[in-house]
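Structure file final.txt (compact mmCIF, C-alpha atoms) is printed below.
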# COMPACT_ATOMS: atom_id res chain seq x y z
CA MET T 271 102.93 -68.22 4.11
CA LYS T 272 103.06 -67.41 7.78
CA LYS T 273 104.93 -64.32 8.97
CA VAL T 274 108.57 -65.24 9.60
CA LEU T 275 110.93 -63.31 11.85
CA LEU T 276 114.61 -64.24 11.91
CA ILE T 277 116.68 -62.81 14.77
CA SER T 278 120.41 -62.97 14.09
CA GLY T 279 122.29 -63.24 17.36
CA HIS T 280 125.78 -63.39 15.88
CA PRO T 281 127.87 -60.77 17.71
CA ASN T 282 129.88 -59.89 14.58
CA LEU T 283 128.10 -61.06 11.46
CA LYS T 284 130.52 -59.21 9.15
CA ALA T 285 133.29 -61.56 10.35
CA SER T 286 131.13 -64.66 9.84
CA VAL T 287 131.20 -67.02 6.90
CA GLY T 288 128.64 -69.64 7.95
CA ASN T 289 125.96 -67.60 9.71
CA ALA T 290 126.23 -64.75 7.20
CA LYS T 291 125.77 -67.18 4.30
CA ILE T 292 122.83 -68.91 6.02
CA ILE T 293 121.08 -65.57 6.46
CA SER T 294 121.76 -64.36 2.91
CA GLU T 295 120.58 -67.67 1.42
CA PHE T 296 117.51 -67.79 3.66
CA LYS T 297 116.65 -64.23 2.58
CA LYS T 298 116.71 -65.40 -1.07
CA LEU T 299 114.53 -68.43 -0.29
CA CYS T 300 112.11 -66.53 1.96
CA PRO T 301 112.12 -62.88 0.82
CA VAL T 302 109.04 -62.09 2.92
CA ALA T 303 110.89 -62.90 6.15
CA GLN T 304 111.75 -60.02 8.42
CA ILE T 305 115.42 -60.30 9.35
CA ARG T 306 116.81 -58.42 12.33
CA LEU T 307 120.60 -58.30 12.61
CA LEU T 308 121.10 -57.51 16.28
CA ASP T 309 124.82 -56.74 15.97
CA GLU T 310 124.14 -54.04 13.36
CA MET T 311 121.00 -52.66 14.98
CA TYR T 312 122.35 -52.60 18.52
CA PRO T 313 126.17 -52.52 18.56
CA ASP T 314 125.98 -51.13 22.11
CA TYR T 315 123.64 -53.97 23.23
CA ARG T 316 120.96 -51.40 24.15
CA PHE T 317 117.81 -52.77 22.59
CA ASP T 318 114.67 -50.94 21.59
CA VAL T 319 112.56 -53.33 23.63
CA LYS T 320 109.22 -52.09 22.29
CA ALA T 321 110.36 -52.46 18.67
CA GLU T 322 111.67 -55.95 19.36
CA GLN T 323 108.47 -56.97 21.14
CA ASP T 324 106.35 -55.51 18.31
CA ALA T 325 108.33 -57.57 15.77
CA LEU T 326 107.77 -60.70 17.85
CA VAL T 327 104.05 -60.06 18.22
CA ALA T 328 103.68 -59.60 14.45
CA ALA T 329 105.42 -62.93 13.68
CA ASP T 330 103.99 -66.43 13.48
CA ILE T 331 107.39 -68.15 13.28
CA ILE T 332 110.38 -66.88 15.24
CA ILE T 333 113.86 -68.08 14.26
CA TRP T 334 116.91 -67.51 16.41
CA GLN T 335 119.98 -67.77 14.16
CA PHE T 336 123.30 -67.96 15.96
CA PRO T 337 126.65 -69.68 16.37
CA PHE T 338 126.75 -72.10 19.29
CA TYR T 339 128.85 -70.42 22.00
CA TRP T 340 129.77 -72.43 25.06
CA TYR T 341 126.88 -74.83 24.38
CA SER T 342 124.31 -72.06 24.21
CA MET T 343 123.59 -68.74 22.52
CA PRO T 344 126.07 -65.84 22.25
CA GLY T 345 125.93 -63.05 24.84
CA LEU T 346 124.25 -60.63 22.39
CA LEU T 347 121.30 -62.95 21.88
CA LYS T 348 121.14 -63.83 25.59
CA LYS T 349 120.99 -60.14 26.57
CA TRP T 350 118.31 -59.59 23.92
CA LEU T 351 116.35 -62.48 25.43
CA ASP T 352 116.81 -61.10 28.96
CA ASP T 353 115.70 -57.60 27.94
CA VAL T 354 112.86 -58.49 25.56
CA PHE T 355 111.27 -61.65 26.98
CA VAL T 356 110.22 -59.98 30.20
CA HIS T 357 107.61 -61.02 32.75
CA GLY T 358 104.23 -59.66 31.74
CA PHE T 359 105.11 -59.83 28.04
CA ALA T 360 106.58 -63.26 27.28
CA HIS T 361 105.68 -65.12 30.46
CA GLY T 362 103.82 -64.80 33.73
CA SER T 363 100.07 -64.74 34.37
CA LYS T 364 99.64 -61.77 31.99
CA GLY T 365 102.57 -62.54 29.67
CA LYS T 366 100.79 -64.21 26.78
CA ALA T 367 102.14 -62.18 23.81
CA LEU T 368 104.06 -65.09 22.30
CA GLU T 369 101.64 -67.90 23.07
CA GLY T 370 101.06 -70.24 20.12
CA LYS T 371 103.89 -68.89 17.97
CA HIS T 372 106.57 -71.25 16.67
CA LEU T 373 110.19 -71.06 17.82
CA VAL T 374 112.97 -72.45 15.66
CA ILE T 375 116.54 -72.40 16.89
CA SER T 376 118.93 -72.43 13.96
CA PHE T 377 122.59 -72.60 14.82
CA THR T 378 126.07 -73.56 13.76
CA THR T 379 128.85 -75.34 15.63
CA GLY T 380 132.53 -75.07 14.93
CA ALA T 381 133.20 -78.65 16.01
CA SER T 382 132.37 -81.65 13.87
CA GLU T 383 129.38 -83.92 14.46
CA ASP T 384 131.78 -86.62 15.66
CA GLU T 385 133.04 -84.35 18.48
CA TYR T 386 129.47 -84.07 19.84
CA GLN T 387 129.44 -87.63 21.14
CA HIS T 388 129.84 -89.13 24.60
CA GLY T 389 133.51 -89.56 25.35
CA LYS T 390 134.59 -87.09 22.65
CA ALA T 391 135.65 -83.44 23.05
CA MET T 392 132.13 -82.03 23.64
CA ASN T 393 131.07 -85.14 25.63
CA TYR T 394 127.37 -84.77 24.74
CA GLU T 395 125.26 -84.98 21.63
CA VAL T 396 124.03 -81.62 20.36
CA ARG T 397 120.40 -82.48 21.19
CA GLU T 398 121.36 -82.80 24.86
CA PHE T 399 121.94 -79.04 24.92
CA TYR T 400 118.36 -78.23 23.83
CA THR T 401 116.83 -78.27 27.33
CA PRO T 402 117.16 -74.53 28.16
CA PHE T 403 115.71 -73.62 24.75
CA ILE T 404 112.81 -76.05 25.17
CA GLN T 405 112.03 -74.72 28.64
CA THR T 406 112.19 -71.11 27.41
CA ALA T 407 109.65 -72.03 24.74
CA ASN T 408 107.46 -73.85 27.29
CA LEU T 409 107.53 -70.94 29.74
CA CYS T 410 106.50 -68.52 26.99
CA GLY T 411 103.85 -70.73 25.39
CA LEU T 412 105.89 -71.06 22.20
CA LYS T 413 105.79 -74.21 20.09
CA PHE T 414 109.36 -75.52 20.02
CA GLU T 415 110.19 -76.86 16.58
CA GLU T 416 112.95 -79.32 15.79
CA PRO T 417 116.18 -77.28 15.64
CA VAL T 418 118.16 -76.83 12.45
CA PHE T 419 121.90 -76.95 12.97
CA SER T 420 125.10 -77.54 11.08
CA ASN T 421 128.42 -78.80 12.42
CA SER T 422 131.95 -78.09 11.18
CA MET T 423 131.13 -74.47 10.37
CA MET T 424 134.40 -72.97 11.56
CA TYR T 425 136.39 -70.79 9.18
CA VAL T 426 139.35 -68.79 10.50
CA PRO T 427 140.86 -66.24 8.08
CA GLY T 428 144.60 -66.75 7.68
CA ILE T 429 144.40 -70.28 9.08
CA SER T 430 141.63 -72.03 7.16
CA SER T 431 142.11 -72.70 3.46
CA ASP T 432 140.02 -71.45 0.54
CA GLU T 433 138.75 -75.02 0.24
CA ASP T 434 137.61 -74.87 3.88
CA ARG T 435 135.69 -71.68 3.13
CA VAL T 436 133.95 -73.28 0.16
CA LYS T 437 132.93 -76.27 2.33
CA VAL T 438 131.51 -73.99 5.02
CA GLU T 439 129.59 -71.98 2.42
CA LYS T 440 128.14 -75.17 0.90
CA ARG T 441 127.07 -76.38 4.36
CA ALA T 442 125.51 -72.96 4.98
CA GLU T 443 123.53 -73.13 1.72
CA ASN T 444 122.27 -76.57 2.72
CA HIS T 445 121.42 -75.27 6.19
CA ALA T 446 119.38 -72.38 4.76
CA ALA T 447 117.49 -74.80 2.49
CA ARG T 448 116.69 -77.10 5.44
CA LEU T 449 115.56 -74.11 7.49
CA PHE T 450 113.29 -72.91 4.69
CA ASP T 451 111.86 -76.42 4.23
CA LEU T 452 110.98 -76.47 7.94
CA VAL T 453 109.38 -73.04 7.78
CA LYS T 454 107.21 -74.11 4.82
CA LYS T 455 105.93 -77.12 6.81
CA ILE T 456 104.88 -75.09 9.85
Please express the file's structure as C-alpha cells.
Amino acid sequence: MKKVLLISGHPNLKASVGNAKIISEFKKLCPVAQIRLLDEMYPDYRFDVKAEQDALVAADIIIWQFPFYWYSMPGLLKKWLDDVFVHGFAHGSKGKALEGKHLVISFTTGASEDEYQHGKAMNYEVREFYTPFIQTANLCGLKFEEPVFSNSMMYVPGISSDEDRVKVEKRAENHAARLFDLVKKI
C-alpha cells in the first residue's frame, strides 16, 4: 500500500463526534497511515514547518480531514496550509516537493444534502465549493482525487439526542470506509 498521511484540521477534535469517529475508524482500517492531529500538536497554531513538510514529502497520498467551515476549511488547517505550502517547497519554479502525490479532501458538513441545492439554505451543491481545493492541487502538482464527504454530521451536546449521536457515528463509520476504499484504489 502507498504511504498515507492524514492531516486532521479540526480545531477541537476532542469536542467532535463525526470527525473524531472518522479518524478513529480510518485508523483501524488503515493502521499504516500516519495521522497528524493539528489541534493537539499545535494548540498555539505555531507549526513545525520542517516536520510538516517532511511528513508530506514521505507520503504518496495526502488526506485533509476537516469539518466544512464557511464553505471551506477551518482556520487551523488554512494557517497550516499557508505556513507549510510555501513558494519554493509546494509551488513555484523550484517548488516541486509535492508533485505527483495524491490529494484527498475528506470533510463533513453540518447541513443536510438537501440544503446544498440551488435555492436552498446553502444555495450551491457541495461540489461547487471544490474550486479552491482543485486549484491548490493544480498549483502544487498534486493529483486531486474525488472528495469524500458526509452531510448531516452535526451533533450538539445538550441539544442533539442520543439517537442523533448514533446516526452521526454511523455516518462517520460509513465515511471512513468510503475513504479507505478510495485510498486502496489509488
Polymer residues at most 7 Å from Thr378 of chain T, all atoms listed in the file, same-chain spacing of 6 or more positions, as number ranges by chain: T: 336-338, 419-421, 423
Filtering to C-alpha atoms, could you give me those residues as a compact mmCIF listing (two decimals), in the coordinates of the input?
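Below you can see result17.txt, which holds the result:
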# COMPACT_ATOMS: atom_id res chain seq x y z
CA PHE T 336 123.30 -67.96 15.96
CA PRO T 337 126.65 -69.68 16.37
CA PHE T 338 126.75 -72.10 19.29
CA PHE T 419 121.90 -76.95 12.97
CA SER T 420 125.10 -77.54 11.08
CA ASN T 421 128.42 -78.80 12.42
CA MET T 423 131.13 -74.47 10.37
Polymer residues at most 12 Å from Leu276 of chain T, all atoms listed in the file, same-chain spacing of 2 or more positions, as number ranges by chain: T: 273-274, 278-280, 292-294, 296-297, 300-308, 322, 325-326, 329-336, 372-377, 446, 449-450, 453
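Take atom CA of Pro344 of chain T and atom CA of Asp451 of chain T: the distance between them is 25.3 Å.
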Computed interatomic separation between atom CA of Met424 of chain T and atom CA of Leu351 of chain T (Å): 25.1 Å
Can you sort out the box for segment 346-351 of chain T, edges along x, y and z, all listed atoms in, 4 Å on every side, with centre and edge lengths in Å to one decimal, as AutoDock Vina command-line options?
--center_x 120.3 --center_y -61.7 --center_z 24.2 --size_x 15.9 --size_y 12.2 --size_z 12.7
At the level of N, CA and C atoms, write segment 386-423 of chain T to a file as an mmCIF file, in the first residue's frame, please.
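The resulting file, decode.cif, is reproduced below:
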data_model
loop_
_atom_site.group_PDB
_atom_site.id
_atom_site.type_symbol
_atom_site.label_atom_id
_atom_site.label_comp_id
_atom_site.auth_asym_id
_atom_site.auth_seq_id
_atom_site.Cartn_x
_atom_site.Cartn_y
_atom_site.Cartn_z
ATOM 1 N N TYR T 386 -27.791 21.686 0.455
ATOM 2 C CA TYR T 386 -26.764 22.054 -0.530
ATOM 3 C C TYR T 386 -27.331 21.915 -1.943
ATOM 4 N N GLN T 387 -28.354 22.689 -2.214
ATOM 5 C CA GLN T 387 -29.002 22.713 -3.522
ATOM 6 C C GLN T 387 -29.294 24.166 -3.865
ATOM 7 N N HIS T 388 -29.375 24.456 -5.142
ATOM 8 C CA HIS T 388 -29.735 25.809 -5.583
ATOM 9 C C HIS T 388 -31.116 26.166 -5.038
ATOM 10 N N GLY T 389 -31.191 27.354 -4.460
ATOM 11 C CA GLY T 389 -32.446 27.816 -3.899
ATOM 12 C C GLY T 389 -32.690 27.386 -2.461
ATOM 13 N N LYS T 390 -31.823 26.551 -1.923
ATOM 14 C CA LYS T 390 -31.940 26.113 -0.525
ATOM 15 C C LYS T 390 -30.981 26.939 0.328
ATOM 16 N N ALA T 391 -30.836 26.595 1.589
ATOM 17 C CA ALA T 391 -30.059 27.410 2.536
ATOM 18 C C ALA T 391 -28.622 27.667 2.090
ATOM 19 N N MET T 392 -27.934 26.665 1.549
ATOM 20 C CA MET T 392 -26.531 26.829 1.147
ATOM 21 C C MET T 392 -26.400 27.332 -0.288
ATOM 22 N N ASN T 393 -27.471 27.240 -1.063
ATOM 23 C CA ASN T 393 -27.618 27.803 -2.403
ATOM 24 C C ASN T 393 -26.709 27.207 -3.477
ATOM 25 N N TYR T 394 -25.843 26.302 -3.125
ATOM 26 C CA TYR T 394 -24.949 25.648 -4.095
ATOM 27 C C TYR T 394 -24.808 24.187 -3.713
ATOM 28 N N GLU T 395 -24.499 23.365 -4.695
ATOM 29 C CA GLU T 395 -24.173 21.976 -4.407
ATOM 30 C C GLU T 395 -22.760 21.926 -3.824
ATOM 31 N N VAL T 396 -22.488 20.948 -3.008
ATOM 32 C CA VAL T 396 -21.185 20.837 -2.347
ATOM 33 C C VAL T 396 -20.048 20.884 -3.372
ATOM 34 N N ARG T 397 -20.205 20.183 -4.479
ATOM 35 C CA ARG T 397 -19.126 20.115 -5.475
ATOM 36 C C ARG T 397 -18.752 21.488 -6.031
ATOM 37 N N GLU T 398 -19.667 22.445 -5.948
ATOM 38 C CA GLU T 398 -19.382 23.783 -6.448
ATOM 39 C C GLU T 398 -18.400 24.542 -5.552
ATOM 40 N N PHE T 399 -18.121 23.996 -4.387
ATOM 41 C CA PHE T 399 -17.145 24.607 -3.479
ATOM 42 C C PHE T 399 -15.746 23.987 -3.616
ATOM 43 N N TYR T 400 -15.572 23.062 -4.535
ATOM 44 C CA TYR T 400 -14.280 22.380 -4.708
ATOM 45 C C TYR T 400 -13.206 23.243 -5.368
ATOM 46 N N THR T 401 -13.583 24.261 -6.108
ATOM 47 C CA THR T 401 -12.644 25.001 -6.953
ATOM 48 C C THR T 401 -11.346 25.424 -6.248
ATOM 49 N N PRO T 402 -11.378 26.051 -5.070
ATOM 50 C CA PRO T 402 -10.104 26.434 -4.435
ATOM 51 C C PRO T 402 -9.216 25.231 -4.111
ATOM 52 N N PHE T 403 -9.832 24.113 -3.756
ATOM 53 C CA PHE T 403 -9.061 22.903 -3.448
ATOM 54 C C PHE T 403 -8.417 22.344 -4.722
ATOM 55 N N ILE T 404 -9.186 22.331 -5.802
ATOM 56 C CA ILE T 404 -8.670 21.841 -7.083
ATOM 57 C C ILE T 404 -7.513 22.719 -7.545
ATOM 58 N N GLN T 405 -7.672 24.025 -7.450
ATOM 59 C CA GLN T 405 -6.602 24.921 -7.894
ATOM 60 C C GLN T 405 -5.365 24.798 -7.012
ATOM 61 N N THR T 406 -5.554 24.604 -5.708
ATOM 62 C CA THR T 406 -4.404 24.378 -4.817
ATOM 63 C C THR T 406 -3.645 23.141 -5.275
ATOM 64 N N ALA T 407 -4.385 22.075 -5.559
ATOM 65 C CA ALA T 407 -3.744 20.844 -6.048
ATOM 66 C C ALA T 407 -3.021 21.115 -7.369
ATOM 67 N N ASN T 408 -3.673 21.791 -8.296
ATOM 68 C CA ASN T 408 -3.052 22.093 -9.594
ATOM 69 C C ASN T 408 -1.763 22.892 -9.427
ATOM 70 N N LEU T 409 -1.813 23.935 -8.614
ATOM 71 C CA LEU T 409 -0.642 24.781 -8.406
ATOM 72 C C LEU T 409 0.534 23.990 -7.853
ATOM 73 N N CYS T 410 0.230 23.006 -7.014
ATOM 74 C CA CYS T 410 1.285 22.233 -6.340
ATOM 75 C C CYS T 410 1.640 20.938 -7.063
ATOM 76 N N GLY T 411 1.013 20.676 -8.196
ATOM 77 C CA GLY T 411 1.304 19.451 -8.936
ATOM 78 C C GLY T 411 0.732 18.205 -8.288
ATOM 79 N N LEU T 412 -0.239 18.381 -7.405
ATOM 80 C CA LEU T 412 -0.902 17.250 -6.753
ATOM 81 C C LEU T 412 -2.017 16.714 -7.641
ATOM 82 N N LYS T 413 -2.275 15.433 -7.533
ATOM 83 C CA LYS T 413 -3.396 14.823 -8.254
ATOM 84 C C LYS T 413 -4.617 14.905 -7.354
ATOM 85 N N PHE T 414 -5.586 15.718 -7.745
ATOM 86 C CA PHE T 414 -6.798 15.913 -6.954
ATOM 87 C C PHE T 414 -7.730 14.733 -7.160
ATOM 88 N N GLU T 415 -8.011 14.031 -6.086
ATOM 89 C CA GLU T 415 -8.911 12.876 -6.137
ATOM 90 C C GLU T 415 -10.334 13.327 -5.801
ATOM 91 N N GLU T 416 -11.296 12.520 -6.185
ATOM 92 C CA GLU T 416 -12.686 12.835 -5.877
ATOM 93 C C GLU T 416 -12.846 12.930 -4.355
ATOM 94 N N PRO T 417 -13.368 14.042 -3.857
ATOM 95 C CA PRO T 417 -13.524 14.209 -2.409
ATOM 96 C C PRO T 417 -14.473 13.175 -1.788
ATOM 97 N N VAL T 418 -14.254 12.937 -0.509
ATOM 98 C CA VAL T 418 -15.141 12.094 0.284
ATOM 99 C C VAL T 418 -15.765 13.035 1.315
ATOM 100 N N PHE T 419 -17.083 13.103 1.322
ATOM 101 C CA PHE T 419 -17.729 13.966 2.309
ATOM 102 C C PHE T 419 -19.025 13.346 2.792
ATOM 103 N N SER T 420 -19.441 13.800 3.953
ATOM 104 C CA SER T 420 -20.697 13.346 4.547
ATOM 105 C C SER T 420 -21.468 14.549 5.054
ATOM 106 N N ASN T 421 -22.749 14.576 4.750
ATOM 107 C CA ASN T 421 -23.640 15.634 5.213
ATOM 108 C C ASN T 421 -24.340 15.215 6.508
ATOM 109 N N SER T 422 -25.014 16.169 7.117
ATOM 110 C CA SER T 422 -25.809 15.930 8.328
ATOM 111 C C SER T 422 -24.968 15.354 9.464
ATOM 112 N N MET T 423 -23.789 15.928 9.646
ATOM 113 C CA MET T 423 -22.859 15.413 10.659
ATOM 114 C C MET T 423 -22.830 16.273 11.929
#
